[in-house]
Amino acid sequence: MSKRYYACVYGGASDRMDDFYKTQVENLGRVIAENGFSLVYGAGATGSMGAVARGVKDAGGYVMGISPFFIKNFEEIFNCDNTVIVDTMSERKTLMEKHADIYIIAPGGIGTMDEFFQVLTLKYLKRISEPIVILNINGFYDSLVALIDDLISKKVVTEEVRSFFDVVDSVESQVLVDYFNKIKE
């Protein structure tokens with residue numbers, strides 16, 4: 001059996017998110033599957049989470065969702081190919097990291113920020129080496145990137161941190177395709 005490559009996508013579950021973003025993230029799911037990657041994510045059926053899972057499934061891809069048991073009180077769970085139920089949010093993140101070959105930060109809220117900053121910190125501490133890509137569709141993450149740049153200018157974050165992630169403005173970005181190809185080499 002050949003190795004399964006996983007794109008770990010962090011994104012929000014809010015169904016209040018503008019449909020424009022959900023459509024773009026659903027396209028991201030298709031791009032992931034079309035490039036031979038499976039999805040590992042937080043198992044949600046709504047918002048960015050549901051959109052990326054639908055996109056992967058619609059393109060014939062494999063979806064692994066990891067969710068703490070209590071999340072069903074907050075959001076619907078997607079019908080994944082493999083749903084792993086854990087006790088805590090920390091366990092969820094640890095298992096997602098275990099499978100990830102690339103991290104993609106899709107539009108989301110505070111949970112997505114928590115996940116992004118965790119993998120960014122892990123990369124800084126040399127605990128992970130996988131690429132991190134921020135999907136800055138329509139400027140969604142301009143303020144996040146500006147915050148990091150501001151922290152660098154205030155010398156509380158090293159300039160090196162800026163090299164630990166890429167920012168793309170489209171799911172069709174050549175940066176993503178190049179990473180997908182490089183990872184599978």
# chains A, B, ... in the order shown; residues from 1 in each chain; ligands from 1
call {"tool": "closest_atom_pairs", "arguments": {"of": "segment 37-64 of chain A", "to": "segment 94-113 of chain A", "cutoff": "8 Å", "atoms": "only C-alpha atoms", "output": "CSV"}}
result
residue,atom,partner,partner_atom,distance
A:Val40,CA,A:Met96,CA,6.3
A:Tyr41,CA,A:Met96,CA,6.6
A:Ser48,CA,A:Pro107,CA,6.5
call {"tool": "write_last_selection", "arguments": {"atoms": "N, CA, C and O atoms", "output": "PDB file, in the first residue's frame"}}
result
ATOM      1  N   VAL A  40      -6.918  15.789   6.550  1.00  0.00           N
ATOM      2  CA  VAL A  40      -7.096  15.591   7.981  1.00  0.00           C
ATOM      3  C   VAL A  40      -7.511  16.954   8.525  1.00  0.00           C
ATOM      4  O   VAL A  40      -6.916  17.983   8.198  1.00  0.00           O
ATOM      5  N   TYR A  41      -8.589  16.956   9.317  1.00  0.00           N
ATOM      6  CA  TYR A  41      -9.126  18.233   9.801  1.00  0.00           C
ATOM      7  C   TYR A  41     -10.007  17.956  11.016  1.00  0.00           C
ATOM      8  O   TYR A  41     -10.111  16.828  11.484  1.00  0.00           O
ATOM      9  N   SER A  48     -15.878  26.624   6.967  1.00  0.00           N
ATOM     10  CA  SER A  48     -14.712  26.203   6.184  1.00  0.00           C
ATOM     11  C   SER A  48     -14.473  24.709   6.323  1.00  0.00           C
ATOM     12  O   SER A  48     -14.077  24.046   5.366  1.00  0.00           O
TER      13      SER A  48
END
call {"tool": "select_by_dssp", "arguments": {"residues": "chain A", "states": "helix (DSSP H, G or I)", "output": "short mmCIF file (atom, residue, chain, number, x, y, z; two decimals) with C-alpha atoms, in the first residue's frame"}}
result
data_model
loop_
_atom_site.label_atom_id
_atom_site.label_comp_id
_atom_site.auth_asym_id
_atom_site.auth_seq_id
_atom_site.Cartn_x
_atom_site.Cartn_y
_atom_site.Cartn_z
CA ASP A 19 -20.61 31.95 1.24
CA PHE A 20 -17.78 33.37 -0.89
CA TYR A 21 -15.21 31.94 1.53
CA LYS A 22 -16.99 28.60 1.80
CA THR A 23 -17.03 28.27 -1.99
CA GLN A 24 -13.30 29.03 -2.19
CA VAL A 25 -12.48 26.55 0.57
CA GLU A 26 -14.61 23.88 -1.12
CA ASN A 27 -12.44 24.49 -4.21
CA LEU A 28 -9.40 24.04 -1.97
CA GLY A 29 -10.72 20.60 -1.07
CA ARG A 30 -10.89 19.69 -4.74
CA VAL A 31 -7.33 20.95 -5.28
CA ILE A 32 -6.14 18.84 -2.34
CA ALA A 33 -7.73 15.65 -3.73
CA GLU A 34 -6.72 16.35 -7.33
CA GLY A 47 -18.21 26.63 7.63
CA SER A 48 -14.71 26.20 6.18
CA MET A 49 -14.45 22.77 7.75
CA GLY A 50 -17.50 21.38 6.02
CA ALA A 51 -16.58 23.11 2.77
CA VAL A 52 -13.09 21.61 2.52
CA ALA A 53 -14.39 18.14 3.38
CA ARG A 54 -17.12 18.38 0.73
CA GLY A 55 -14.57 19.50 -1.83
CA VAL A 56 -12.24 16.60 -1.07
CA LYS A 57 -15.10 14.05 -1.15
CA ASP A 58 -16.59 15.50 -4.36
CA PHE A 69 -16.54 13.99 21.92
CA PHE A 70 -18.18 17.21 23.18
CA ILE A 71 -17.91 19.16 19.92
CA LYS A 72 -21.21 17.71 18.71
CA ASN A 73 -22.85 20.14 21.18
CA MET A 89 -8.96 19.79 21.93
CA SER A 90 -5.26 19.22 22.68
CA GLU A 91 -5.54 15.57 21.65
CA ARG A 92 -7.32 16.65 18.49
CA LYS A 93 -4.47 18.99 17.53
CA THR A 94 -1.80 16.43 18.40
CA LEU A 95 -3.39 13.76 16.19
CA MET A 96 -3.87 16.21 13.33
CA GLU A 97 -0.20 17.19 13.60
CA LYS A 98 0.82 13.52 13.61
CA HIS A 99 -0.76 13.01 10.18
CA ILE A 110 -10.30 31.78 17.38
CA GLY A 111 -9.97 28.00 17.13
CA THR A 112 -8.19 28.39 13.80
CA MET A 113 -5.91 31.04 15.31
CA ASP A 114 -5.08 28.66 18.18
CA GLU A 115 -4.18 25.93 15.70
CA PHE A 116 -2.14 28.26 13.49
CA PHE A 117 -0.13 29.71 16.35
CA GLN A 118 0.51 26.25 17.76
CA VAL A 119 2.03 24.93 14.52
CA LEU A 120 3.90 28.21 13.98
CA THR A 121 5.39 27.90 17.46
CA LEU A 122 6.23 24.23 16.87
CA LYS A 123 7.99 25.16 13.63
CA TYR A 124 9.94 27.90 15.44
CA ILE A 137 -8.56 34.80 0.22
CA ASN A 138 -9.78 38.32 -0.46
CA GLY A 139 -7.47 39.65 2.29
CA ASP A 142 -4.26 40.63 6.17
CA SER A 143 -4.61 41.66 9.82
CA LEU A 144 -3.05 38.41 11.05
CA VAL A 145 -0.02 38.86 8.81
CA ALA A 146 0.18 42.53 9.87
CA LEU A 147 0.09 41.45 13.54
CA ILE A 148 3.02 39.11 13.03
CA ASP A 149 4.94 41.79 11.13
CA ASP A 150 4.18 44.24 13.96
CA LEU A 151 5.47 41.77 16.56
CA ILE A 152 8.63 41.40 14.50
CA SER A 153 9.05 45.20 14.31
CA GLU A 159 12.34 37.98 11.73
CA GLU A 160 12.95 34.31 11.01
CA VAL A 161 9.33 33.53 11.94
CA ARG A 162 8.12 35.25 8.77
CA SER A 163 9.93 32.57 6.75
CA PHE A 164 8.02 29.75 8.50
CA GLN A 174 1.33 27.65 -7.61
CA VAL A 175 2.88 27.70 -4.13
CA LEU A 176 0.39 25.05 -2.99
CA VAL A 177 0.84 22.90 -6.10
CA ASP A 178 4.63 23.12 -5.75
CA TYR A 179 4.41 21.99 -2.12
CA PHE A 180 2.11 19.10 -3.04
CA ASN A 181 4.55 17.95 -5.70
CA LYS A 182 7.64 18.37 -3.51
CA ILE A 183 6.11 16.47 -0.59
CA LYS A 184 5.32 13.47 -2.79
#
call {"tool": "atom_distance", "arguments": {"atom1": "atom CA of Tyr10 of chain A", "atom2": "atom CA of Val157 of chain A"}}
result
22.8 Å
call {"tool": "atom_distance", "arguments": {"atom1": "atom CA of Tyr141 of chain A", "atom2": "atom CA of Asp169 of chain A"}}
result
9.5 Å
call {"tool": "atom_distance", "arguments": {"atom1": "atom CA of Val63 of chain A", "atom2": "atom CA of Glu75 of chain A"}}
result
17.5 Å
call {"tool": "closest_residue", "arguments": {"among": "A:Tyr62, A:Phe74, A:Tyr6, A:Phe165", "to": "Ile132 of chain A", "atoms": "only C-alpha atoms"}}
result
A:Phe165
call {"tool": "select_by_dssp", "arguments": {"residues": "segment 67-176 of chain A", "states": "strand (DSSP E)", "output": "ChimeraX atom specification"}}
result
/A:67-68,82-86,102-105,132-135,166-168
call {"tool": "write_last_selection", "arguments": {"atoms": "all heavy atoms", "output": "CSV table (one decimal), in the first residue's frame"}}
result
chain,number,residue,atom,x,y,z
A,67,SER,N,-12.2,14.8,16.2
A,67,SER,CA,-13.1,15.6,17.0
A,67,SER,C,-13.1,15.2,18.4
A,67,SER,O,-13.2,14.0,18.7
A,67,SER,CB,-14.5,15.6,16.4
A,67,SER,OG,-15.4,16.4,17.1
A,68,PRO,N,-13.1,16.2,19.3
A,68,PRO,CA,-13.4,15.8,20.7
A,68,PRO,C,-14.9,15.4,20.9
A,68,PRO,O,-15.7,16.0,20.1
A,68,PRO,CB,-13.0,17.0,21.5
A,68,PRO,CG,-13.1,18.1,20.6
A,68,PRO,CD,-12.8,17.6,19.2
A,82,ASN,N,-13.0,8.4,7.9
A,82,ASN,CA,-12.5,7.9,9.2
A,82,ASN,C,-12.7,9.1,10.2
A,82,ASN,O,-12.2,10.2,10.0
A,82,ASN,CB,-11.1,7.6,9.1
A,82,ASN,CG,-10.5,7.1,10.4
A,82,ASN,OD1,-11.2,6.8,11.3
A,82,ASN,ND2,-9.2,7.0,10.5
A,83,THR,N,-13.6,8.9,11.2
A,83,THR,CA,-13.8,9.9,12.2
A,83,THR,C,-13.2,9.3,13.5
A,83,THR,O,-13.5,8.2,14.0
A,83,THR,CB,-15.3,10.2,12.4
A,83,THR,OG1,-15.9,10.6,11.2
A,83,THR,CG2,-15.5,11.2,13.5
A,84,VAL,N,-12.3,10.1,14.1
A,84,VAL,CA,-11.6,9.7,15.3
A,84,VAL,C,-12.1,10.6,16.4
A,84,VAL,O,-12.0,11.9,16.3
A,84,VAL,CB,-10.0,9.9,15.1
A,84,VAL,CG1,-9.4,9.5,16.4
A,84,VAL,CG2,-9.5,9.0,14.0
A,85,ILE,N,-12.6,10.0,17.4
A,85,ILE,CA,-13.2,10.8,18.6
A,85,ILE,C,-12.1,10.8,19.7
A,85,ILE,O,-11.7,9.7,20.1
A,85,ILE,CB,-14.5,10.2,19.1
A,85,ILE,CG1,-15.5,10.2,17.9
A,85,ILE,CG2,-15.1,11.0,20.3
A,85,ILE,CD1,-15.9,11.5,17.3
A,86,VAL,N,-11.8,12.0,20.2
A,86,VAL,CA,-10.8,12.1,21.3
A,86,VAL,C,-11.5,12.8,22.5
A,86,VAL,O,-12.6,13.3,22.4
A,86,VAL,CB,-9.6,12.8,20.8
A,86,VAL,CG1,-8.8,12.0,19.7
A,86,VAL,CG2,-9.9,14.2,20.3
A,102,ILE,N,1.4,18.9,5.3
A,102,ILE,CA,1.3,20.3,5.0
A,102,ILE,C,0.2,20.8,5.8
A,102,ILE,O,-0.8,20.1,6.0
A,102,ILE,CB,1.1,20.6,3.5
A,102,ILE,CG1,1.1,22.1,3.2
A,102,ILE,CG2,-0.1,19.9,2.9
A,102,ILE,CD1,1.2,22.5,1.7
A,103,TYR,N,0.3,22.1,6.3
A,103,TYR,CA,-0.8,22.8,7.0
A,103,TYR,C,-1.3,23.9,6.2
A,103,TYR,O,-0.5,24.7,5.6
A,103,TYR,CB,-0.2,23.4,8.3
A,103,TYR,CG,0.3,22.3,9.3
A,103,TYR,CD1,1.6,22.0,9.3
A,103,TYR,CD2,-0.6,21.7,10.2
A,103,TYR,CE1,2.1,21.0,10.2
A,103,TYR,CE2,-0.1,20.7,11.1
A,103,TYR,CZ,1.3,20.4,11.1
A,103,TYR,OH,1.7,19.5,12.0
A,104,ILE,N,-2.6,24.0,6.0
A,104,ILE,CA,-3.2,25.0,5.3
A,104,ILE,C,-4.2,25.7,6.2
A,104,ILE,O,-5.1,25.1,6.8
A,104,ILE,CB,-3.9,24.5,4.0
A,104,ILE,CG1,-2.9,23.8,3.1
A,104,ILE,CG2,-4.6,25.7,3.3
A,104,ILE,CD1,-3.6,23.1,2.0
A,105,ILE,N,-4.1,27.0,6.4
A,105,ILE,CA,-4.9,27.8,7.3
A,105,ILE,C,-6.0,28.5,6.4
A,105,ILE,O,-5.7,29.5,5.7
A,105,ILE,CB,-4.1,28.9,8.0
A,105,ILE,CG1,-2.8,28.3,8.6
A,105,ILE,CG2,-4.9,29.6,9.1
A,105,ILE,CD1,-2.9,27.1,9.5
A,132,ILE,N,3.7,25.5,6.1
A,132,ILE,CA,2.4,26.2,6.6
A,132,ILE,C,2.1,27.2,5.6
A,132,ILE,O,2.9,28.1,5.2
A,132,ILE,CB,2.7,26.8,8.0
A,132,ILE,CG1,3.2,25.8,9.0
A,132,ILE,CG2,1.4,27.6,8.5
A,132,ILE,CD1,3.7,26.5,10.3
A,133,VAL,N,0.8,27.1,5.1
A,133,VAL,CA,0.3,28.1,4.1
A,133,VAL,C,-0.9,28.7,4.6
A,133,VAL,O,-1.9,28.0,4.9
A,133,VAL,CB,0.1,27.3,2.8
A,133,VAL,CG1,-0.4,28.3,1.7
A,133,VAL,CG2,1.3,26.6,2.3
A,134,ILE,N,-0.9,30.0,4.7
A,134,ILE,CA,-2.1,30.8,5.0
A,134,ILE,C,-2.9,31.1,3.7
A,134,ILE,O,-2.3,31.7,2.8
A,134,ILE,CB,-1.7,32.1,5.8
A,134,ILE,CG1,-1.0,31.8,7.1
A,134,ILE,CG2,-2.9,33.0,6.0
A,134,ILE,CD1,-0.5,33.0,7.8
A,135,LEU,N,-4.1,30.8,3.7
A,135,LEU,CA,-5.0,31.0,2.6
A,135,LEU,C,-5.7,32.4,2.8
A,135,LEU,O,-6.7,32.4,3.5
A,135,LEU,CB,-6.0,29.9,2.4
A,135,LEU,CG,-6.8,29.9,1.2
A,135,LEU,CD1,-6.0,29.9,-0.1
A,135,LEU,CD2,-7.7,28.6,1.2
A,166,ASP,N,3.9,30.6,4.3
A,166,ASP,CA,3.7,31.3,3.1
A,166,ASP,C,2.3,31.9,3.1
A,166,ASP,O,1.4,31.3,3.8
A,166,ASP,CB,3.8,30.3,1.9
A,166,ASP,CG,5.2,29.9,1.6
A,166,ASP,OD1,5.9,30.6,1.1
A,166,ASP,OD2,5.5,28.7,2.0
A,167,VAL,N,2.0,32.9,2.4
A,167,VAL,CA,0.7,33.5,2.3
A,167,VAL,C,0.3,33.5,0.8
A,167,VAL,O,1.1,34.0,0.0
A,167,VAL,CB,0.7,35.0,2.8
A,167,VAL,CG1,-0.7,35.6,2.7
A,167,VAL,CG2,1.2,35.0,4.3
A,168,VAL,N,-0.8,32.9,0.5
A,168,VAL,CA,-1.3,32.8,-0.8
A,168,VAL,C,-2.7,33.4,-0.9
A,168,VAL,O,-3.4,33.4,0.1
A,168,VAL,CB,-1.3,31.4,-1.4
A,168,VAL,CG1,0.1,30.8,-1.4
A,168,VAL,CG2,-2.3,30.5,-0.6
call {"tool": "decode", "arguments": {"residues": "segment 164-178 of chain A", "atoms": "all heavy atoms", "output": "short mmCIF file (atom, residue, chain, number, x, y, z; two decimals), in the first residue's frame"}}
result
data_model
loop_
_atom_site.label_atom_id
_atom_site.label_comp_id
_atom_site.auth_asym_id
_atom_site.auth_seq_id
_atom_site.Cartn_x
_atom_site.Cartn_y
_atom_site.Cartn_z
N PHE A 164 8.60 31.05 8.12
CA PHE A 164 8.02 29.75 8.50
C PHE A 164 6.67 29.48 7.87
O PHE A 164 6.11 28.41 8.05
CB PHE A 164 7.89 29.64 10.01
CG PHE A 164 9.20 29.59 10.73
CD1 PHE A 164 9.27 29.93 12.07
CD2 PHE A 164 10.37 29.22 10.09
CE1 PHE A 164 10.47 29.88 12.75
CE2 PHE A 164 11.59 29.17 10.77
CZ PHE A 164 11.63 29.51 12.10
N PHE A 165 6.12 30.47 7.16
CA PHE A 165 4.83 30.26 6.50
C PHE A 165 4.77 31.07 5.22
O PHE A 165 5.49 32.05 5.05
CB PHE A 165 3.65 30.63 7.42
CG PHE A 165 3.64 32.07 7.87
CD1 PHE A 165 2.95 33.04 7.13
CD2 PHE A 165 4.29 32.47 9.02
CE1 PHE A 165 2.92 34.36 7.53
CE2 PHE A 165 4.28 33.80 9.44
CZ PHE A 165 3.59 34.74 8.69
N ASP A 166 3.93 30.60 4.32
CA ASP A 166 3.67 31.31 3.07
C ASP A 166 2.26 31.87 3.14
O ASP A 166 1.39 31.31 3.83
CB ASP A 166 3.75 30.34 1.88
CG ASP A 166 5.16 29.86 1.63
OD1 ASP A 166 5.94 30.63 1.05
OD2 ASP A 166 5.48 28.72 2.02
N VAL A 167 2.03 32.94 2.41
CA VAL A 167 0.70 33.54 2.31
C VAL A 167 0.31 33.51 0.84
O VAL A 167 1.06 34.01 -0.01
CB VAL A 167 0.69 34.99 2.84
CG1 VAL A 167 -0.71 35.59 2.72
CG2 VAL A 167 1.19 35.05 4.28
N VAL A 168 -0.82 32.88 0.55
CA VAL A 168 -1.32 32.83 -0.83
C VAL A 168 -2.73 33.41 -0.86
O VAL A 168 -3.45 33.37 0.14
CB VAL A 168 -1.31 31.39 -1.40
CG1 VAL A 168 0.10 30.81 -1.39
CG2 VAL A 168 -2.26 30.48 -0.65
N ASP A 169 -3.11 33.95 -2.00
CA ASP A 169 -4.43 34.58 -2.09
C ASP A 169 -5.42 33.79 -2.92
O ASP A 169 -6.52 34.25 -3.18
CB ASP A 169 -4.31 36.02 -2.61
CG ASP A 169 -3.69 36.10 -4.00
OD1 ASP A 169 -3.45 35.05 -4.62
OD2 ASP A 169 -3.47 37.23 -4.46
N SER A 170 -5.02 32.58 -3.32
CA SER A 170 -5.89 31.77 -4.16
C SER A 170 -5.65 30.29 -3.88
O SER A 170 -4.51 29.88 -3.64
CB SER A 170 -5.58 32.08 -5.63
OG SER A 170 -6.13 31.10 -6.47
N VAL A 171 -6.71 29.49 -3.97
CA VAL A 171 -6.56 28.05 -3.79
C VAL A 171 -5.84 27.42 -4.97
O VAL A 171 -5.33 26.31 -4.87
CB VAL A 171 -7.92 27.34 -3.55
CG1 VAL A 171 -8.59 27.88 -2.30
CG2 VAL A 171 -8.83 27.44 -4.75
N GLU A 172 -5.78 28.13 -6.09
CA GLU A 172 -5.05 27.65 -7.26
C GLU A 172 -3.59 28.10 -7.25
O GLU A 172 -2.89 27.96 -8.24
CB GLU A 172 -5.72 28.13 -8.56
CG GLU A 172 -7.08 27.48 -8.83
CD GLU A 172 -8.22 28.25 -8.18
OE1 GLU A 172 -8.02 29.42 -7.77
OE2 GLU A 172 -9.32 27.68 -8.06
N SER A 173 -3.12 28.63 -6.14
CA SER A 173 -1.77 29.15 -6.04
C SER A 173 -0.73 28.10 -6.44
O SER A 173 -0.79 26.94 -6.01
CB SER A 173 -1.49 29.60 -4.61
OG SER A 173 -0.12 29.82 -4.41
N GLN A 174 0.23 28.54 -7.22
CA GLN A 174 1.33 27.65 -7.61
C GLN A 174 2.14 27.22 -6.39
O GLN A 174 2.71 26.13 -6.37
CB GLN A 174 2.22 28.33 -8.66
CG GLN A 174 3.22 27.40 -9.30
CD GLN A 174 2.56 26.24 -10.06
OE1 GLN A 174 1.59 26.45 -10.79
NE2 GLN A 174 3.08 25.04 -9.89
N VAL A 175 2.17 28.05 -5.36
CA VAL A 175 2.88 27.70 -4.13
C VAL A 175 2.32 26.39 -3.56
O VAL A 175 3.08 25.49 -3.20
CB VAL A 175 2.79 28.84 -3.09
CG1 VAL A 175 3.30 28.40 -1.73
CG2 VAL A 175 3.54 30.07 -3.58
N LEU A 176 1.00 26.28 -3.50
CA LEU A 176 0.39 25.05 -2.99
C LEU A 176 0.73 23.85 -3.87
O LEU A 176 1.13 22.80 -3.37
CB LEU A 176 -1.14 25.21 -2.91
CG LEU A 176 -1.70 25.88 -1.68
CD1 LEU A 176 -3.21 26.06 -1.83
CD2 LEU A 176 -1.38 25.10 -0.44
N VAL A 177 0.57 24.00 -5.16
CA VAL A 177 0.84 22.90 -6.10
C VAL A 177 2.31 22.48 -5.99
O VAL A 177 2.61 21.28 -5.96
CB VAL A 177 0.47 23.31 -7.53
CG1 VAL A 177 0.91 22.24 -8.54
CG2 VAL A 177 -1.03 23.55 -7.65
N ASP A 178 3.20 23.44 -5.90
CA ASP A 178 4.63 23.12 -5.75
C ASP A 178 4.89 22.34 -4.47
O ASP A 178 5.66 21.36 -4.48
CB ASP A 178 5.49 24.39 -5.77
CG ASP A 178 5.55 25.03 -7.16
OD1 ASP A 178 5.14 24.39 -8.16
OD2 ASP A 178 6.01 26.20 -7.23
#
